[in-house]
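Structure below is model24.txt: compact mmCIF, C-alpha atoms.
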```
# COMPACT_ATOMS: atom_id res chain seq x y z
CA MET A 1 -127.42 -62.77 -22.55
CA GLU A 2 -130.75 -61.38 -23.79
CA ASN A 3 -130.22 -57.86 -22.41
CA LYS A 4 -128.01 -55.76 -20.12
CA ASN A 5 -130.14 -56.35 -17.03
CA TYR A 6 -128.12 -59.16 -15.52
CA LYS A 7 -125.87 -59.83 -12.56
CA VAL A 8 -123.10 -62.40 -12.59
CA GLU A 9 -120.63 -63.60 -9.97
CA ILE A 10 -117.02 -63.03 -10.95
CA LYS A 11 -116.21 -66.64 -10.06
CA ASP A 12 -118.39 -67.61 -13.03
CA ILE A 13 -116.77 -65.36 -15.67
CA PHE A 14 -114.65 -66.85 -18.46
CA VAL A 15 -112.89 -65.51 -21.52
CA GLY A 16 -112.26 -67.56 -24.64
CA ARG A 17 -112.23 -67.69 -28.43
CA VAL A 18 -115.22 -68.50 -30.64
CA GLN A 19 -114.26 -70.45 -33.75
CA ASP A 20 -115.75 -72.65 -36.43
CA ILE A 21 -114.44 -76.21 -36.43
CA PHE A 22 -113.73 -78.95 -38.95
CA GLN A 23 -115.26 -82.17 -37.68
CA SER A 24 -112.50 -84.18 -39.39
CA LYS A 25 -109.97 -82.63 -36.98
CA LEU A 26 -111.79 -83.74 -33.84
CA LYS A 27 -110.11 -86.62 -32.01
CA ILE A 28 -111.22 -88.53 -28.92
CA GLU A 29 -108.32 -88.89 -26.48
CA HIS A 30 -108.08 -91.27 -23.53
CA GLU A 31 -105.11 -89.78 -21.66
CA PHE A 32 -105.09 -86.32 -20.16
CA PRO A 33 -102.70 -84.24 -22.35
CA PHE A 34 -102.39 -81.04 -20.35
CA ILE A 35 -100.73 -82.07 -17.09
CA ASN A 36 -99.01 -84.92 -15.31
CA LEU A 37 -100.36 -85.07 -11.77
CA GLU A 38 -98.02 -87.87 -10.66
CA ASP A 39 -94.66 -86.52 -11.77
CA ASP A 40 -94.99 -82.74 -11.70
CA LYS A 41 -97.08 -80.53 -9.41
CA GLU A 42 -96.19 -77.26 -11.15
CA PRO A 43 -98.81 -77.60 -13.94
CA ILE A 44 -101.57 -77.48 -11.31
CA TRP A 45 -100.34 -74.02 -10.41
CA SER A 46 -99.75 -72.84 -13.95
CA LEU A 47 -103.19 -73.99 -15.07
CA GLN A 48 -105.03 -72.46 -12.16
CA ASN A 49 -107.16 -70.37 -14.52
CA LYS A 50 -108.29 -73.59 -16.23
CA SER A 51 -109.32 -75.60 -13.19
CA PHE A 52 -112.18 -77.13 -15.18
CA LEU A 53 -109.57 -79.36 -16.84
CA PHE A 54 -109.33 -81.33 -13.60
CA LYS A 55 -113.06 -82.05 -13.72
CA LYS A 56 -113.11 -83.20 -17.33
CA GLU A 57 -114.45 -86.66 -18.10
CA LYS A 58 -111.77 -89.23 -18.88
CA ASP A 59 -112.50 -89.31 -22.60
CA TYR A 60 -112.28 -85.81 -23.99
CA ILE A 61 -112.01 -84.20 -27.40
CA ASN A 62 -108.72 -82.84 -28.69
CA TYR A 63 -108.90 -80.53 -31.68
CA GLY A 64 -106.47 -79.76 -34.46
CA GLY A 65 -103.45 -81.89 -33.65
CA GLU A 66 -100.41 -80.67 -35.61
CA SER A 67 -102.50 -78.90 -38.24
CA THR A 68 -102.50 -75.09 -38.47
CA ASN A 69 -105.62 -74.99 -40.67
CA THR A 70 -108.19 -75.47 -37.92
CA THR A 71 -110.58 -72.54 -38.34
CA THR A 72 -111.77 -69.95 -40.86
CA PHE A 73 -112.57 -67.38 -38.17
CA ASN A 74 -112.19 -66.79 -34.46
CA ARG A 75 -113.04 -63.99 -32.05
CA SER A 76 -112.96 -63.38 -28.32
CA ILE A 77 -115.90 -63.76 -25.95
CA LEU A 78 -116.54 -62.94 -22.29
CA PHE A 79 -119.05 -65.45 -21.02
CA THR A 80 -120.60 -67.38 -18.19
CA LEU A 81 -122.05 -70.89 -18.28
CA ASP A 82 -125.71 -71.60 -18.89
CA GLU A 83 -127.62 -74.58 -17.48
CA ASN A 84 -126.22 -76.81 -20.25
CA ASN A 85 -122.59 -75.78 -19.69
CA HIS A 86 -122.64 -73.77 -22.91
CA ALA A 87 -121.29 -70.21 -23.24
CA ASN A 88 -123.65 -67.35 -22.40
CA ASP A 89 -122.14 -64.23 -24.02
CA LEU A 90 -121.93 -61.28 -21.60
CA LEU A 91 -121.56 -58.63 -24.33
CA TYR A 92 -123.77 -59.85 -27.18
CA ASN A 93 -126.94 -61.85 -27.72
CA SER A 94 -124.99 -64.73 -29.26
CA PRO A 95 -125.92 -68.39 -29.67
CA HIS A 96 -124.99 -70.49 -26.65
CA TYR A 97 -121.96 -72.28 -28.07
CA PRO A 98 -120.55 -75.47 -26.53
CA ILE A 99 -117.09 -75.17 -24.98
CA PHE A 100 -114.14 -77.50 -25.41
CA ASP A 101 -113.06 -79.08 -22.09
CA ILE A 102 -116.26 -77.92 -20.32
CA SER A 103 -119.34 -78.93 -22.33
CA PRO A 104 -120.27 -82.62 -22.79
CA ASN A 105 -118.35 -84.33 -25.57
CA GLU A 106 -121.43 -85.11 -27.63
CA GLU A 107 -122.25 -81.39 -27.77
CA ILE A 108 -118.84 -80.69 -29.35
CA LEU A 109 -119.18 -83.57 -31.79
CA ASN A 110 -122.45 -82.15 -33.11
CA ALA A 111 -121.46 -78.48 -33.32
CA SER A 112 -120.09 -76.37 -36.15
CA ILE A 113 -119.03 -73.42 -33.94
CA CYS A 114 -117.54 -73.77 -30.46
CA ILE A 115 -115.43 -72.04 -27.83
CA GLY A 116 -112.02 -73.59 -28.46
CA HIS A 117 -109.40 -74.91 -26.04
CA SER A 118 -108.50 -71.28 -25.23
CA ALA A 119 -111.09 -70.79 -22.45
CA TYR A 120 -109.87 -69.30 -19.16
CA GLU A 121 -111.42 -68.58 -15.77
CA LEU A 122 -110.93 -64.97 -14.65
CA TYR A 123 -111.92 -65.19 -10.99
CA GLU A 124 -108.49 -64.86 -9.34
CA LEU A 125 -107.56 -62.00 -11.67
CA LEU A 126 -110.80 -60.05 -11.10
CA LYS A 127 -110.60 -60.62 -7.35
CA TYR A 128 -106.99 -59.39 -7.35
CA LEU A 129 -108.06 -56.26 -9.25
CA GLY A 130 -110.67 -55.47 -6.61
CA TYR A 131 -113.93 -56.32 -8.35
CA PRO A 132 -116.82 -57.22 -6.02
CA ASN A 133 -118.20 -60.76 -5.98
CA GLU A 134 -121.15 -59.78 -8.16
CA ILE A 135 -121.08 -57.40 -11.11
CA GLY A 136 -123.37 -56.30 -13.94
CA TYR A 137 -123.11 -55.36 -17.59
CA ASP A 138 -121.41 -52.00 -16.96
CA GLU A 139 -118.55 -53.65 -15.06
CA VAL A 140 -118.23 -56.39 -17.69
CA LEU A 141 -118.01 -53.71 -20.39
CA GLU A 142 -115.33 -51.94 -18.34
CA ILE A 143 -113.36 -55.19 -18.13
CA ARG A 144 -113.63 -55.65 -21.87
CA ASN A 145 -112.63 -52.06 -22.69
CA THR A 146 -109.77 -51.95 -20.19
CA LEU A 147 -108.15 -55.36 -19.66
CA PHE A 148 -108.82 -56.51 -23.20
CA SER A 149 -107.95 -53.32 -25.06
CA CYS A 150 -104.96 -53.58 -27.35
CA ASP A 151 -102.50 -51.72 -25.12
CA TYR A 152 -103.50 -51.95 -21.48
CA VAL A 153 -101.91 -55.21 -20.41
CA MET A 154 -98.79 -54.54 -22.53
CA HIS A 155 -98.27 -51.01 -21.22
CA ASN A 156 -99.02 -52.07 -17.63
CA SER A 157 -97.42 -55.49 -17.58
CA GLU A 158 -95.82 -55.04 -14.16
CA LYS A 159 -99.31 -54.68 -12.65
CA PHE A 160 -99.73 -58.30 -13.70
CA GLY A 161 -96.31 -59.44 -12.49
CA ILE A 162 -94.70 -59.44 -15.93
CA ILE A 163 -91.52 -57.58 -16.88
CA LYS A 164 -91.13 -55.99 -20.30
CA THR A 165 -87.91 -57.32 -21.84
CA ASP A 166 -85.51 -56.38 -24.61
CA PRO A 167 -87.19 -56.65 -28.04
CA LYS A 168 -84.38 -58.91 -29.19
CA ARG A 169 -85.81 -61.59 -26.91
CA THR A 170 -88.65 -62.86 -29.04
CA CYS A 171 -89.96 -65.79 -27.01
CA TYR A 172 -93.13 -63.96 -25.93
CA ASP A 173 -94.14 -60.91 -27.92
CA GLY A 174 -96.81 -58.64 -29.40
CA PHE A 175 -97.50 -55.24 -30.99
CA ASP A 176 -99.25 -52.31 -29.32
CA SER A 177 -101.71 -50.00 -31.10
CA ASN A 178 -98.85 -47.92 -32.53
CA GLY A 179 -97.19 -50.98 -34.00
CA GLU A 180 -94.43 -50.99 -31.37
CA TYR A 181 -92.91 -54.43 -30.96
CA MET A 182 -92.77 -55.51 -27.28
CA THR A 183 -91.58 -58.69 -25.56
CA PHE A 184 -92.54 -60.10 -22.15
CA ASN A 185 -90.37 -63.00 -21.05
CA ASP A 186 -89.71 -62.43 -17.33
CA THR A 187 -91.90 -62.50 -14.24
CA ILE A 188 -91.63 -60.58 -10.95
CA GLU A 189 -90.48 -63.08 -8.35
CA GLY A 190 -93.05 -63.70 -5.63
CA PHE A 191 -95.85 -61.86 -7.44
CA PRO A 192 -99.22 -63.03 -6.06
CA LEU A 193 -100.79 -63.57 -9.49
CA HIS A 194 -99.48 -66.26 -11.82
CA ARG A 195 -98.51 -65.20 -15.34
CA CYS A 196 -101.18 -67.49 -16.83
CA TYR A 197 -103.66 -64.59 -16.39
CA PHE A 198 -101.40 -62.26 -18.37
CA ASP A 199 -101.15 -64.95 -21.02
CA ALA A 200 -104.94 -65.32 -21.17
CA ILE A 201 -105.42 -61.58 -21.71
CA MET A 202 -102.72 -61.49 -24.38
CA GLU A 203 -104.44 -64.31 -26.25
CA CYS A 204 -107.91 -62.72 -26.20
CA LYS A 205 -107.33 -58.94 -26.23
CA ASP A 206 -107.71 -56.60 -29.20
CA SER A 207 -104.83 -56.96 -31.62
CA PHE A 208 -102.80 -54.72 -33.89
CA VAL A 209 -102.64 -55.79 -37.54
CA CYS A 210 -100.26 -54.06 -39.90
CA GLY A 211 -102.23 -52.17 -42.54
CA LYS A 212 -105.48 -52.40 -40.57
CA GLY A 213 -104.66 -50.94 -37.16
CA VAL A 214 -106.41 -52.18 -34.02
CA VAL A 215 -108.84 -55.06 -34.55
CA ASP A 216 -111.87 -55.49 -32.25
CA GLU A 217 -111.34 -59.11 -31.28
CA PHE A 218 -114.77 -59.36 -29.59
CA LYS A 219 -116.79 -58.34 -32.64
CA PRO A 220 -118.99 -61.23 -33.83
CA ASN A 221 -118.14 -62.71 -37.21
CA GLU A 222 -120.65 -62.74 -40.06
CA LYS A 223 -120.38 -66.54 -40.15
CA GLU A 224 -122.13 -66.61 -36.77
CA GLY A 225 -125.25 -65.08 -38.31
CA PRO A 226 -126.94 -61.85 -37.14
CA ILE A 227 -125.76 -61.03 -33.60
CA LEU A 228 -126.68 -57.81 -31.80
CA ARG A 229 -125.21 -55.94 -28.86
CA LEU A 230 -127.23 -56.19 -25.68
CA LYS A 231 -130.05 -53.64 -25.24
```

As structure tokens, what does this structure read like?
Amino acid sequence: MENKNYKVEIKDIFVGRVQDIFQSKLKIEHEFPFINLEDDKEPIWSLQNKSFLFKKEKDYINYGGESTNTTTFNRSILFTLDENNHANDLLYNSPHYPIFDISPNEEILNASICIGHSAYELYELLKYLGYPNEIGYDEVLEIRNTLFSCDYVMHNSEKFGIIKTDPKRTCYDGFDSNGEYMTFNDTIEGFPLHRCYFDAIMECKDSFVCGKGVVDEFKPNEKEGPILRLK
């Protein structure tokens, strides 16, 4: 966005991760890798915060493969889509980056920085939390500072249908701002919100790094060039 004077519908709000990409690790795929519509209906439910995957053109770009060296930086971004299906940053005046699985393939193939495969729709979550259909910058900032703070979702996991489990169970874990190790492996049966929203927040929220403390995951990286907060 150019300034704070905007309104956006919550059905159009996404969260994701900005990253630089290595063109050599881009691969055109011809079979949908995320779900199997014929044999298993559950993935439709579990990917409900990524419904754009069902609209994706048949040939799409997969990134990274088995390699772990796929980026030199990444950071979180709250965004909506512009007229070109690129990301319009709701917190900073950032470049309008193309988005894996949403933007046209040729836009990804010609970009050096993108929103990676970790983009999520937030509509069902924001509606569940009571946000009105249309919000402005102040509400977006509240979402960033609350939902995506280091501790909130971990200390209030049951509000999202997730049960904190014994630290010895290390399948799904994280550290809070005090460095406390916490695991979240169980869900509340019948909870109206699927755990994929909890997972999306955990992936994009502020993180605790030993020796550094809490890291602002939404802060633009110097490799993006000069980026300012909205005025």

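With all atoms listed in the file as the basis for measurement, A:Arg17 is the residue among A:Lys223, A:Lys7, A:Lys55, A:Arg17 that approaches A:Lys205 most closely.
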
(request) Might you pull out every residue within 12 Å of stretch 208-218 of chain A, with only C-alpha atoms counted and same-chain residues fewer than 4 positions away left off, and present them as a ChimeraX atom specification? (result) /A:15-19,73-79,89-92,94,141,144-145,148-151,174-181,201-204,227,229

(request) Just give me the residues with any atom within 9 Å of (-97.9, -60.2, -11.8), file coordinates, counting all atoms listed in the file, written as a ChimeraX atom specification. (result) /A:157-163,187-195,197-198

(message) What does the structure give for the distance between atom CA of A:Pro226 and atom CA of A:Asn85, in Å to one decimal?
(response)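 Atom CA of A:Pro226 sits 22.7 Å away from atom CA of A:Asn85.
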
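Closest approach to A:Asp206 among A:Thr146, A:Ser103, A:Gln23, A:Asn185 is made by A:Thr146 (distances from only C-alpha atoms).
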
(message) Just checking: using all atoms listed in the file, which residue out of A:Glu222, A:Asp138, A:Asp186, A:Glu29 ends up closest to A:Tyr60?
(response) A:Glu29

(request) Identify the residues within 7 Å of coordinate (-110.4, -73.8, -16.2) (same frame as the file), considering all atoms listed in the file, and give the answer as a PyMOL selection string. (result) chain A and resi 48-53+119-121

(message) Taking all atoms listed in the file into account, name the residue in A:Asp12, A:Glu134, A:Asp59, A:Glu107 that is nearest to A:Asp82.
(response)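 With all atoms listed in the file as the atom set, the closest residue is A:Asp12.
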
(request) Enter the distance from atom CA of A:Tyr6 to atom CA of A:Ile115, in Å, rounded to one decimal. (result)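 Pair atom CA of A:Tyr6 / atom CA of A:Ile115 returns 21.9 Å.
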
(message) Give me the residues near A:Thr80 as a ChimeraX atom specification, where near means some atom within 6 Å (using all atoms listed in the file) and where sequence neighbours in that chain fewer than 2 positions away do not count.
(response) /A:12-14,87-88

(message) Between atom CA of A:Leu126 and atom CA of A:Ile10, what distance in Å does the model show, to one decimal?
(response) 6.9 Å

(request) Tell me which of A:Leu109, A:Thr71, A:Met182, A:Tyr131 sits closest to A:Asp166, counting all atoms listed in the file. (result)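 Once distances to A:Asp166 are computed over all atoms listed in the file, the minimum belongs to A:Met182.
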
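Using all atoms listed in the file for every distance, the candidate list A:Glu2, A:Thr72, A:Ile99, A:Ala111 yields A:Ile99 as the residue closest to A:Asn84.
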